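Containing mmCIF, C-alpha atoms: final.cif.
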data_start
#
loop_
_atom_site.group_PDB
_atom_site.id
_atom_site.type_symbol
_atom_site.label_atom_id
_atom_site.label_comp_id
_atom_site.auth_asym_id
_atom_site.auth_seq_id
_atom_site.Cartn_x
_atom_site.Cartn_y
_atom_site.Cartn_z
ATOM 1 C CA MET A 1 -67.293 51.896 174.964
ATOM 2 C CA ILE A 2 -65.708 48.915 173.217
ATOM 3 C CA VAL A 3 -67.917 46.647 171.103
ATOM 4 C CA ILE A 4 -66.984 42.992 170.562
ATOM 5 C CA THR A 5 -68.465 40.984 167.707
ATOM 6 C CA THR A 6 -68.494 37.166 167.789
ATOM 7 C CA PRO A 7 -68.025 37.162 171.597
ATOM 8 C CA THR A 8 -68.648 33.411 171.739
ATOM 9 C CA GLY A 9 -66.173 32.603 168.959
ATOM 10 C CA ASP A 10 -62.605 31.479 169.498
ATOM 11 C CA ILE A 11 -60.870 34.840 169.068
ATOM 12 C CA GLY A 12 -63.774 37.025 170.168
ATOM 13 C CA SER A 13 -64.317 35.154 173.431
ATOM 14 C CA GLN A 14 -60.643 35.310 174.358
ATOM 15 C CA ALA A 15 -60.416 39.008 173.517
ATOM 16 C CA LEU A 16 -63.525 39.631 175.610
ATOM 17 C CA GLY A 17 -61.990 37.744 178.520
ATOM 18 C CA THR A 18 -58.896 39.947 178.377
ATOM 19 C CA LEU A 19 -61.002 43.104 178.183
ATOM 20 C CA LEU A 20 -63.151 42.029 181.136
ATOM 21 C CA ARG A 21 -59.933 41.666 183.114
ATOM 22 C CA ASP A 22 -58.035 44.721 181.915
ATOM 23 C CA ALA A 23 -60.513 47.317 180.633
ATOM 24 C CA ASN A 24 -60.688 49.456 183.749
ATOM 25 C CA GLY A 25 -63.273 52.178 183.232
ATOM 26 C CA GLU A 26 -64.257 50.993 179.756
ATOM 27 C CA ASP A 27 -67.843 49.961 179.069
ATOM 28 C CA LEU A 28 -68.123 46.748 177.077
ATOM 29 C CA ARG A 29 -70.863 45.784 174.655
ATOM 30 C CA VAL A 30 -71.224 42.550 172.698
ATOM 31 C CA VAL A 31 -73.219 41.622 169.603
ATOM 32 C CA VAL A 32 -74.398 38.023 169.766
ATOM 33 C CA ARG A 33 -77.073 35.937 168.080
ATOM 34 C CA ASP A 34 -77.645 33.710 171.095
ATOM 35 C CA PRO A 35 -76.971 35.413 174.441
ATOM 36 C CA GLY A 36 -77.493 32.066 176.148
ATOM 37 C CA LYS A 37 -74.033 31.070 174.903
ATOM 38 C CA LEU A 38 -72.536 33.749 177.165
ATOM 39 C CA SER A 39 -71.940 32.793 180.768
ATOM 40 C CA ALA A 40 -74.100 34.454 183.389
ATOM 41 C CA SER A 41 -71.052 36.199 184.836
ATOM 42 C CA VAL A 42 -70.229 37.715 181.437
ATOM 43 C CA ARG A 43 -73.819 38.821 180.802
ATOM 44 C CA GLU A 44 -73.779 40.669 184.110
ATOM 45 C CA ARG A 45 -70.749 42.729 183.077
ATOM 46 C CA VAL A 46 -71.491 43.652 179.464
ATOM 47 C CA ASP A 47 -74.232 45.334 177.487
ATOM 48 C CA VAL A 48 -75.744 42.711 175.175
ATOM 49 C CA VAL A 49 -77.130 43.504 171.723
ATOM 50 C CA VAL A 50 -78.926 40.502 170.278
ATOM 51 C CA GLY A 51 -78.759 39.802 166.561
ATOM 52 C CA SER A 52 -76.415 39.499 163.601
ATOM 53 C CA HIS A 53 -73.721 42.143 163.148
ATOM 54 C CA GLY A 54 -74.423 41.883 159.431
ATOM 55 C CA ASP A 55 -77.822 43.565 159.957
ATOM 56 C CA GLN A 56 -78.068 47.349 159.661
ATOM 57 C CA ALA A 57 -80.481 47.855 162.556
ATOM 58 C CA VAL A 58 -78.340 45.714 164.849
ATOM 59 C CA VAL A 59 -75.054 47.510 164.131
ATOM 60 C CA ASP A 60 -76.735 50.918 164.288
ATOM 61 C CA HIS A 61 -77.833 50.021 167.806
ATOM 62 C CA ALA A 62 -74.567 48.376 168.781
ATOM 63 C CA PHE A 63 -72.248 51.111 167.504
ATOM 64 C CA THR A 64 -74.144 54.049 169.038
ATOM 65 C CA GLY A 65 -71.721 55.599 171.513
ATOM 66 C CA ALA A 66 -68.942 53.184 170.590
ATOM 67 C CA ASP A 67 -65.316 54.321 170.597
ATOM 68 C CA ALA A 68 -63.835 51.077 169.285
ATOM 69 C CA VAL A 69 -65.024 47.853 167.673
ATOM 70 C CA LEU A 70 -63.504 44.397 167.280
ATOM 71 C CA TRP A 71 -64.758 43.329 163.844
ATOM 72 C CA ILE A 72 -64.793 39.619 163.045
ATOM 73 C CA VAL A 73 -66.738 38.178 160.126
ATOM 74 C CA PRO A 74 -68.191 34.766 161.008
ATOM 75 C CA PRO A 75 -67.607 32.020 158.430
ATOM 76 C CA ASP A 76 -70.498 31.465 156.040
ATOM 77 C CA PRO A 77 -69.857 28.152 154.271
ATOM 78 C CA ARG A 78 -73.068 28.484 152.250
ATOM 79 C CA ALA A 79 -72.684 32.068 151.016
ATOM 80 C CA LYS A 80 -73.445 32.577 147.337
ATOM 81 C CA SER A 81 -70.088 34.275 146.817
ATOM 82 C CA LEU A 82 -66.989 35.164 148.789
ATOM 83 C CA GLU A 83 -67.729 38.846 148.199
ATOM 84 C CA ALA A 84 -71.107 38.371 149.878
ATOM 85 C CA ALA A 85 -69.529 36.439 152.756
ATOM 86 C CA PHE A 86 -66.973 39.135 153.575
ATOM 87 C CA SER A 87 -67.581 42.579 152.063
ATOM 88 C CA GLY A 88 -71.318 42.035 151.697
ATOM 89 C CA PHE A 89 -71.612 41.077 155.346
ATOM 90 C CA THR A 90 -69.521 44.136 156.322
ATOM 91 C CA GLU A 91 -71.349 46.804 154.298
ATOM 92 C CA ALA A 92 -73.868 47.616 157.030
ATOM 93 C CA ALA A 93 -71.120 47.938 159.630
ATOM 94 C CA ALA A 94 -69.037 50.196 157.389
ATOM 95 C CA ARG A 95 -71.990 52.566 157.107
ATOM 96 C CA ALA A 96 -72.577 52.404 160.850
ATOM 97 C CA PHE A 97 -68.913 53.147 161.644
ATOM 98 C CA THR A 98 -69.282 56.410 159.741
ATOM 99 C CA ASP A 99 -72.801 57.298 160.876
ATOM 100 C CA HIS A 100 -72.031 56.788 164.574
ATOM 101 C CA GLY A 101 -68.529 58.251 164.636
ATOM 102 C CA VAL A 102 -66.694 55.090 165.664
ATOM 103 C CA GLY A 103 -63.053 56.098 166.032
ATOM 104 C CA HIS A 104 -61.130 52.823 165.989
ATOM 105 C CA VAL A 105 -61.769 49.396 164.466
ATOM 106 C CA VAL A 106 -59.640 46.261 164.798
ATOM 107 C CA GLY A 107 -60.384 43.542 162.244
ATOM 108 C CA VAL A 108 -59.359 39.905 162.080
ATOM 109 C CA SER A 109 -57.908 39.327 158.615
ATOM 110 C CA ALA A 110 -55.058 37.481 156.923
ATOM 111 C CA LEU A 111 -51.511 37.663 155.671
ATOM 112 C CA GLY A 112 -50.862 37.977 151.972
ATOM 113 C CA ARG A 113 -51.338 41.613 150.974
ATOM 114 C CA GLY A 114 -48.691 42.600 148.451
ATOM 115 C CA THR A 115 -47.703 39.046 147.567
ATOM 116 C CA PRO A 116 -48.016 37.666 144.010
ATOM 117 C CA ALA A 117 -50.808 35.318 145.131
ATOM 118 C CA ALA A 118 -52.901 37.942 146.943
ATOM 119 C CA ASP A 119 -55.445 38.339 144.144
ATOM 120 C CA ARG A 120 -56.042 34.595 143.695
ATOM 121 C CA ALA A 121 -56.084 33.402 147.290
ATOM 122 C CA GLY A 122 -59.774 32.701 147.754
ATOM 123 C CA LEU A 123 -60.883 33.425 151.310
ATOM 124 C CA VAL A 124 -57.814 35.600 151.900
ATOM 125 C CA THR A 125 -58.479 37.717 148.810
ATOM 126 C CA ALA A 126 -62.028 38.293 150.024
ATOM 127 C CA SER A 127 -60.795 39.180 153.514
ATOM 128 C CA LEU A 128 -58.337 41.745 152.136
ATOM 129 C CA ALA A 129 -61.158 43.341 150.110
ATOM 130 C CA MET A 130 -63.167 43.556 153.334
ATOM 131 C CA ASP A 131 -60.262 45.386 154.960
ATOM 132 C CA ASP A 132 -60.338 47.929 152.147
ATOM 133 C CA LEU A 133 -64.061 48.454 152.683
ATOM 134 C CA VAL A 134 -63.629 49.101 156.404
ATOM 135 C CA ALA A 135 -60.694 51.428 155.755
ATOM 136 C CA SER A 136 -62.867 53.451 153.361
ATOM 137 C CA ALA A 137 -65.288 54.232 156.211
ATOM 138 C CA GLY A 138 -62.911 56.854 157.601
ATOM 139 C CA VAL A 139 -62.071 55.047 160.835
ATOM 140 C CA ALA A 140 -58.634 54.343 162.241
ATOM 141 C CA TYR A 141 -58.271 50.705 161.238
ATOM 142 C CA ARG A 142 -55.865 47.919 162.066
ATOM 143 C CA ALA A 143 -56.237 44.615 160.234
ATOM 144 C CA LEU A 144 -54.691 41.717 162.125
ATOM 145 C CA ALA A 145 -52.777 39.928 159.364
ATOM 146 C CA ASN A 146 -52.857 36.324 160.501
ATOM 147 C CA PRO A 147 -51.301 33.106 159.204
ATOM 148 C CA SER A 148 -52.956 29.729 159.734
ATOM 149 C CA PHE A 149 -54.110 29.132 163.308
ATOM 150 C CA MET A 150 -52.532 26.460 165.471
ATOM 151 C CA ASP A 151 -56.022 25.909 166.858
ATOM 152 C CA ASN A 152 -57.253 24.630 163.485
ATOM 153 C CA LEU A 153 -55.653 21.317 164.440
ATOM 154 C CA LEU A 154 -58.370 20.851 167.059
ATOM 155 C CA ARG A 155 -60.675 19.918 164.174
ATOM 156 C CA GLN A 156 -58.507 16.813 163.718
ATOM 157 C CA VAL A 157 -58.312 15.701 167.335
ATOM 158 C CA ASP A 158 -60.119 12.416 166.630
ATOM 159 C CA ALA A 159 -57.736 11.500 163.789
ATOM 160 C CA ILE A 160 -54.709 12.454 165.871
ATOM 161 C CA ARG A 161 -55.961 10.403 168.817
ATOM 162 C CA GLU A 162 -57.203 7.346 166.951
ATOM 163 C CA LYS A 163 -54.918 7.150 163.911
ATOM 164 C CA GLY A 164 -51.885 9.240 164.837
ATOM 165 C CA VAL A 165 -52.285 11.347 161.705
ATOM 166 C CA PHE A 166 -53.169 14.868 160.641
ATOM 167 C CA THR A 167 -53.705 16.182 157.133
ATOM 168 C CA ASP A 168 -53.202 19.382 155.186
ATOM 169 C CA THR A 169 -52.468 20.302 151.582
ATOM 170 C CA VAL A 170 -49.114 22.050 151.994
ATOM 171 C CA ASP A 171 -45.723 20.657 151.066
ATOM 172 C CA PRO A 172 -44.483 18.708 154.116
ATOM 173 C CA GLY A 173 -41.159 20.545 154.130
ATOM 174 C CA ARG A 174 -42.403 24.089 153.522
ATOM 175 C CA THR A 175 -41.954 26.258 156.605
ATOM 176 C CA ALA A 176 -44.495 28.945 157.417
ATOM 177 C CA PRO A 177 -45.699 30.964 160.393
ATOM 178 C CA SER A 178 -48.636 29.910 162.527
ATOM 179 C CA ALA A 179 -50.239 31.632 165.487
ATOM 180 C CA ALA A 180 -52.262 30.643 168.534
ATOM 181 C CA THR A 181 -55.681 32.268 168.627
ATOM 182 C CA ARG A 182 -55.046 33.386 172.187
ATOM 183 C CA ASP A 183 -52.145 35.503 170.941
ATOM 184 C CA ILE A 184 -54.299 36.997 168.178
ATOM 185 C CA ALA A 185 -56.945 37.840 170.762
ATOM 186 C CA ALA A 186 -54.326 39.428 173.031
ATOM 187 C CA VAL A 187 -53.054 41.655 170.209
ATOM 188 C CA ALA A 188 -56.624 42.682 169.402
ATOM 189 C CA ALA A 189 -57.405 43.537 173.016
ATOM 190 C CA GLY A 190 -54.216 45.578 173.320
ATOM 191 C CA LEU A 191 -55.119 47.683 170.289
ATOM 192 C CA LEU A 192 -58.655 48.217 171.553
ATOM 193 C CA LEU A 193 -57.407 49.427 174.936
ATOM 194 C CA ASP A 194 -54.570 51.660 173.673
ATOM 195 C CA ARG A 195 -56.254 53.758 171.015
ATOM 196 C CA SER A 196 -53.345 56.119 170.417
ATOM 197 C CA TRP A 197 -52.898 54.777 166.868
ATOM 198 C CA THR A 198 -54.294 56.529 163.837
ATOM 199 C CA GLY A 199 -54.719 55.917 160.127
ATOM 200 C CA VAL A 200 -54.991 52.579 158.369
ATOM 201 C CA GLY A 201 -52.569 49.679 158.543
ATOM 202 C CA SER A 202 -52.033 46.001 159.210
ATOM 203 C CA VAL A 203 -50.563 44.268 162.244
ATOM 204 C CA PRO A 204 -48.947 40.922 161.370
ATOM 205 C CA VAL A 205 -49.343 38.213 164.005
ATOM 206 C CA LEU A 206 -46.682 35.658 163.137
ATOM 207 C CA GLY A 207 -46.094 33.495 166.186
ATOM 208 C CA PRO A 208 -42.511 32.913 167.362
ATOM 209 C CA GLU A 209 -41.207 30.583 164.624
ATOM 210 C CA ASP A 210 -41.760 29.125 161.169
ATOM 211 C CA LEU A 211 -42.486 25.404 161.102
ATOM 212 C CA SER A 212 -43.220 22.815 158.444
ATOM 213 C CA ALA A 213 -45.891 20.138 158.642
ATOM 214 C CA ASN A 214 -43.122 17.641 159.345
ATOM 215 C CA ASP A 215 -41.889 19.831 162.198
ATOM 216 C CA MET A 216 -45.396 19.916 163.631
ATOM 217 C CA ALA A 217 -45.700 16.132 163.407
ATOM 218 C CA ARG A 218 -42.425 15.738 165.289
ATOM 219 C CA ILE A 219 -43.460 18.168 168.025
ATOM 220 C CA MET A 220 -46.895 16.591 168.426
ATOM 221 C CA SER A 221 -45.258 13.173 168.710
ATOM 222 C CA GLU A 222 -42.916 14.427 171.426
ATOM 223 C CA VAL A 223 -45.639 16.182 173.420
ATOM 224 C CA LEU A 224 -48.242 13.433 173.115
ATOM 225 C CA GLY A 225 -45.752 10.620 173.679
ATOM 226 C CA ARG A 226 -47.048 8.731 170.657
ATOM 227 C CA PRO A 227 -46.197 8.845 166.937
ATOM 228 C CA VAL A 228 -48.057 11.397 164.852
ATOM 229 C CA ARG A 229 -47.438 11.679 161.130
ATOM 230 C CA TYR A 230 -48.424 14.145 158.443
ATOM 231 C CA GLU A 231 -50.358 13.044 155.379
ATOM 232 C CA ARG A 232 -50.545 15.453 152.484
ATOM 233 C CA GLN A 233 -53.973 15.767 150.920
ATOM 234 C CA SER A 234 -54.408 16.940 147.333
ATOM 235 C CA LEU A 235 -56.392 20.066 146.621
ATOM 236 C CA ASP A 236 -58.926 17.960 144.746
ATOM 237 C CA GLU A 237 -59.314 15.738 147.792
ATOM 238 C CA LEU A 238 -59.779 18.801 150.000
ATOM 239 C CA GLY A 239 -62.486 20.141 147.720
ATOM 240 C CA SER A 240 -64.283 16.799 147.612
ATOM 241 C CA THR A 241 -64.122 16.451 151.397
ATOM 242 C CA LEU A 242 -65.534 19.929 151.989
ATOM 243 C CA SER A 243 -68.285 19.419 149.408
ATOM 244 C CA GLY A 244 -69.122 16.111 151.045
ATOM 245 C CA HIS A 245 -69.706 17.932 154.314
ATOM 246 C CA GLY A 246 -72.303 20.122 152.626
ATOM 247 C CA LEU A 247 -70.264 23.303 152.218
ATOM 248 C CA GLY A 248 -71.255 25.604 149.375
ATOM 249 C CA GLU A 249 -69.423 25.853 146.072
ATOM 250 C CA ALA A 250 -68.108 29.388 146.648
ATOM 251 C CA PHE A 251 -66.660 28.520 150.047
ATOM 252 C CA VAL A 252 -65.113 25.273 148.800
ATOM 253 C CA HIS A 253 -63.428 27.028 145.883
ATOM 254 C CA GLY A 254 -62.303 29.799 148.219
ATOM 255 C CA MET A 255 -60.720 27.339 150.611
ATOM 256 C CA VAL A 256 -58.975 25.430 147.826
ATOM 257 C CA ASP A 257 -57.638 28.634 146.278
ATOM 258 C CA MET A 258 -56.411 29.838 149.668
ATOM 259 C CA MET A 259 -54.568 26.608 150.371
ATOM 260 C CA ARG A 260 -53.006 26.621 146.915
ATOM 261 C CA ALA A 261 -51.796 30.185 147.549
ATOM 262 C CA LYS A 262 -50.406 29.245 150.957
ATOM 263 C CA ASP A 263 -48.329 26.524 149.308
ATOM 264 C CA GLU A 264 -47.058 29.196 146.910
ATOM 265 C CA GLY A 265 -45.795 31.353 149.788
ATOM 266 C CA LEU A 266 -48.817 33.520 150.594
ATOM 267 C CA ASP A 267 -47.817 33.767 154.276
ATOM 268 C CA ALA A 268 -44.127 34.417 153.629
ATOM 269 C CA GLY A 269 -44.309 38.087 152.685
ATOM 270 C CA VAL A 270 -43.736 39.631 156.141
ATOM 271 C CA PRO A 271 -40.498 39.316 158.139
ATOM 272 C CA ARG A 272 -40.681 38.301 161.769
ATOM 273 C CA THR A 273 -39.527 41.069 164.111
ATOM 274 C CA PRO A 274 -40.105 41.744 167.802
ATOM 275 C CA ASP A 275 -43.205 43.699 166.730
ATOM 276 C CA THR A 276 -44.689 40.950 164.563
ATOM 277 C CA ALA A 277 -43.793 37.903 166.664
ATOM 278 C CA THR A 278 -46.165 36.541 169.305
ATOM 279 C CA PRO A 279 -45.132 34.389 172.260
ATOM 280 C CA THR A 280 -46.929 31.027 172.151
ATOM 281 C CA THR A 281 -44.713 28.340 170.613
ATOM 282 C CA PHE A 282 -46.233 25.335 168.899
ATOM 283 C CA THR A 283 -44.739 23.112 171.591
ATOM 284 C CA GLN A 284 -46.407 25.190 174.311
ATOM 285 C CA TRP A 285 -49.706 25.177 172.456
ATOM 286 C CA CYS A 286 -49.555 21.399 172.065
ATOM 287 C CA GLU A 287 -48.857 20.953 175.764
ATOM 288 C CA GLU A 288 -51.553 23.340 176.968
ATOM 289 C CA VAL A 289 -54.304 22.976 174.344
ATOM 290 C CA LEU A 290 -53.865 19.982 172.046
ATOM 291 C CA LYS A 291 -52.749 17.390 174.580
ATOM 292 C CA PRO A 292 -55.718 17.913 176.957
ATOM 293 C CA ALA A 293 -58.071 17.706 173.962
ATOM 294 C CA VAL A 294 -56.486 14.469 172.708
ATOM 295 C CA LEU A 295 -56.557 12.914 176.185
ATOM 296 C CA ALA A 296 -60.123 13.991 176.916
#
Whole structure, C-alpha cells version:
Amino acid sequence: MIVITTPTGDIGSQALGTLLRDANGEDLRVVVRDPGKLSASVRERVDVVVGSHGDQAVVDHAFTGADAVLWIVPPDPRAKSLEAAFSGFTEAAARAFTDHGVGHVVGVSALGRGTPAADRAGLVTASLAMDDLVASAGVAYRALANPSFMDNLLRQVDAIREKGVFTDTVDPGRTAPSAATRDIAAVAAGLLLDRSWTGVGSVPVLGPEDLSANDMARIMSEVLGRPVRYERQSLDELGSTLSGHGLGEAFVHGMVDMMRAKDEGLDAGVPRTPDTATPTTFTQWCEEVLKPAVLA
C-alpha cells in the first residue's frame, strides 16, 4: 500500500499518474479534501480517504496498512508561523508513521541543508525542520531536495503573454538549478516503488543545467518567437505584492527570506552528478508546458 498526499496538486497528481501506470500489484490510497477534484477513472482505481492530512484521525485512517507514503505539505499562506505551517502540520503524521509501522516516507522539501544561509532561509528553513521531524519518527526517509520549480513561471503566463516580461528577485546573471515538477514527481514515484533504501537522507533534484534569469529570458524568447525580458523585483516589492494579495505576515516574511537566501547561493551547495540531474531541460519545458499555456 502506497499513500499519496495532495493527489490533486502539481507534484502529487503527477506522481499518482506514474504510480497508476507502473505500480503493478501495489494498492494505492490517496488523502484528499475534495474527492470531486479527482477524475472518475482515478477514483475507481484508488482508495480515497477524505480530509486533511494534517488531522490525526485522518492520517491514522490513511496510514493503517501503509508501506510507503508520499508526504507533501500544502502551502498555508495564512499560517500564524512557518513552524505551524510545516512542522506543526506534520506532527500528526509523524505520530501516525510510528504508530502504524509505516516503513518508507518520501517528502517534498528543498535544497539548502548545510549551506551558510540554511538557518535564515524562511520557507526552506521551515521545510528542513519538517524533514528532521519526519526523520525522528523512525521511518526510512528520503527528502527530495528541490531548487525552484520551472513550473512557477506558469503564475506569470499573463505577464509573459501580454507584456513580454517575467519577474523575480534574483540577480539576473546568477546561475542556479531549476527542476520541472514532472521530474520531481518521477523521482518520488521511483523511490516509492523501489523501497530497497534504508535510513535517512536527501535526494537532490537539480534538473540538467544551471541557468540565470537572463538565460531563461533568452530561451523563452526563442521558444515563444517573441521577445521576453527579465525584470528584477526588489525584496521589498515582493513583500508588498504578496501582502497586497492577502497573504499572511509569516508567509510573506518566509518567502522574502527564502528569496534573499537563494540570491546568496542557497541552491548552490550540491554538485550536479548523474544521480542528482533530472532530464527535462528548460527549453523542453518551455516548448511542452509554457508555450501551450501562453498560446491558450
Near-range 90-107 of chain A list (7 Å; only C-alpha atoms; drop same-chain fewer than 3 positions) as a ChimeraX atom specification: /A:54-56,59-60,63-64,66-72,86-87,134,137-144,188
Neighbour list for range 257-268 of chain A as a ChimeraX atom specification, cut-off 6 Å, all atoms listed in the file, skip fewer than 6 positions in-chain: /A:111-112,117,121-123,170
Atom pair CA of Asp183 in chain A / CA of Thr278 in chain A: separation (Å): 6.3 Å
List, as a JSON list (two decimals) with C-alpha atoms, in the coordinates of the input, every residue that the PyMOL selection byres ((chain A and resi 153) around 12) selects in the file provided.
[["chain", "number", "residue", "atom", "x", "y", "z"],
["A", 148, "SER", "CA", -52.96, 29.73, 159.73],
["A", 149, "PHE", "CA", -54.11, 29.13, 163.31],
["A", 150, "MET", "CA", -52.53, 26.46, 165.47],
["A", 151, "ASP", "CA", -56.02, 25.91, 166.86],
["A", 152, "ASN", "CA", -57.25, 24.63, 163.49],
["A", 154, "LEU", "CA", -58.37, 20.85, 167.06],
["A", 155, "ARG", "CA", -60.68, 19.92, 164.17],
["A", 156, "GLN", "CA", -58.51, 16.81, 163.72],
["A", 157, "VAL", "CA", -58.31, 15.70, 167.34],
["A", 158, "ASP", "CA", -60.12, 12.42, 166.63],
["A", 159, "ALA", "CA", -57.74, 11.50, 163.79],
["A", 160, "ILE", "CA", -54.71, 12.45, 165.87],
["A", 161, "ARG", "CA", -55.96, 10.40, 168.82],
["A", 165, "VAL", "CA", -52.28, 11.35, 161.71],
["A", 166, "PHE", "CA", -53.17, 14.87, 160.64],
["A", 167, "THR", "CA", -53.70, 16.18, 157.13],
["A", 168, "ASP", "CA", -53.20, 19.38, 155.19],
["A", 178, "SER", "CA", -48.64, 29.91, 162.53],
["A", 179, "ALA", "CA", -50.24, 31.63, 165.49],
["A", 180, "ALA", "CA", -52.26, 30.64, 168.53],
["A", 181, "THR", "CA", -55.68, 32.27, 168.63],
["A", 213, "ALA", "CA", -45.89, 20.14, 158.64],
["A", 216, "MET", "CA", -45.40, 19.92, 163.63],
["A", 217, "ALA", "CA", -45.70, 16.13, 163.41],
["A", 220, "MET", "CA", -46.90, 16.59, 168.43],
["A", 230, "TYR", "CA", -48.42, 14.14, 158.44],
["A", 282, "PHE", "CA", -46.23, 25.34, 168.90],
["A", 285, "TRP", "CA", -49.71, 25.18, 172.46],
["A", 286, "CYS", "CA", -49.56, 21.40, 172.06],
["A", 289, "VAL", "CA", -54.30, 22.98, 174.34],
["A", 290, "LEU", "CA", -53.86, 19.98, 172.05],
["A", 291, "LYS", "CA", -52.75, 17.39, 174.58],
["A", 293, "ALA", "CA", -58.07, 17.71, 173.96],
["A", 294, "VAL", "CA", -56.49, 14.47, 172.71]]
Between CA of Glu162 in chain A and CA of Asp210 in chain A, distance in Å (one decimal):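 CA of Asp210 in chain A lies 27.3 Å from CA of Glu162 in chain A.
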If I only have part of range 88-95 of chain A, can you fill in all heavy atoms and write it as a short mmCIF file (atom, residue, chain, number, x, y, z; two decimals), in the frame of the given file?
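Result went into rebuild11.cif, see below:
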data_model
loop_
_atom_site.label_atom_id
_atom_site.label_comp_id
_atom_site.auth_asym_id
_atom_site.auth_seq_id
_atom_site.Cartn_x
_atom_site.Cartn_y
_atom_site.Cartn_z
N GLY A 88 -69.87 41.88 151.60
CA GLY A 88 -71.32 42.04 151.70
C GLY A 88 -71.79 42.04 153.13
O GLY A 88 -72.64 42.86 153.52
N PHE A 89 -71.25 41.14 153.93
CA PHE A 89 -71.61 41.08 155.35
C PHE A 89 -71.20 42.35 156.08
O PHE A 89 -71.84 42.77 157.05
CB PHE A 89 -70.95 39.86 155.99
CG PHE A 89 -71.36 39.62 157.42
CD1 PHE A 89 -72.44 38.82 157.71
CD2 PHE A 89 -70.65 40.20 158.47
CE1 PHE A 89 -72.83 38.59 159.03
CE2 PHE A 89 -71.03 39.98 159.79
CZ PHE A 89 -72.13 39.18 160.07
N THR A 90 -70.13 43.00 155.61
CA THR A 90 -69.52 44.14 156.32
C THR A 90 -70.11 45.48 155.90
O THR A 90 -69.89 46.49 156.57
CB THR A 90 -68.00 44.12 156.09
OG1 THR A 90 -67.48 42.84 156.51
CG2 THR A 90 -67.26 45.20 156.87
N GLU A 91 -70.87 45.52 154.82
CA GLU A 91 -71.35 46.80 154.30
C GLU A 91 -72.16 47.59 155.32
O GLU A 91 -71.98 48.80 155.48
CB GLU A 91 -72.17 46.58 153.03
CG GLU A 91 -71.33 46.24 151.81
CD GLU A 91 -72.17 45.93 150.59
OE1 GLU A 91 -73.42 45.83 150.74
OE2 GLU A 91 -71.60 45.77 149.50
N ALA A 92 -73.05 46.92 156.04
CA ALA A 92 -73.87 47.62 157.03
C ALA A 92 -73.00 48.20 158.13
O ALA A 92 -73.20 49.34 158.57
CB ALA A 92 -74.90 46.66 157.62
N ALA A 93 -72.01 47.45 158.57
CA ALA A 93 -71.12 47.94 159.63
C ALA A 93 -70.30 49.13 159.15
O ALA A 93 -70.10 50.09 159.91
CB ALA A 93 -70.20 46.82 160.09
N ALA A 94 -69.82 49.08 157.92
CA ALA A 94 -69.04 50.20 157.39
C ALA A 94 -69.86 51.48 157.40
O ALA A 94 -69.34 52.56 157.74
CB ALA A 94 -68.55 49.87 155.98
N ARG A 95 -71.13 51.38 157.03
CA ARG A 95 -71.99 52.57 157.11
C ARG A 95 -72.16 53.02 158.55
O ARG A 95 -72.13 54.23 158.86
CB ARG A 95 -73.35 52.26 156.47
CG ARG A 95 -73.32 52.15 154.96
CD ARG A 95 -74.72 52.08 154.39
NE ARG A 95 -75.39 50.83 154.72
CZ ARG A 95 -75.35 49.74 153.95
NH1 ARG A 95 -74.67 49.75 152.81
NH2 ARG A 95 -76.00 48.65 154.31
#
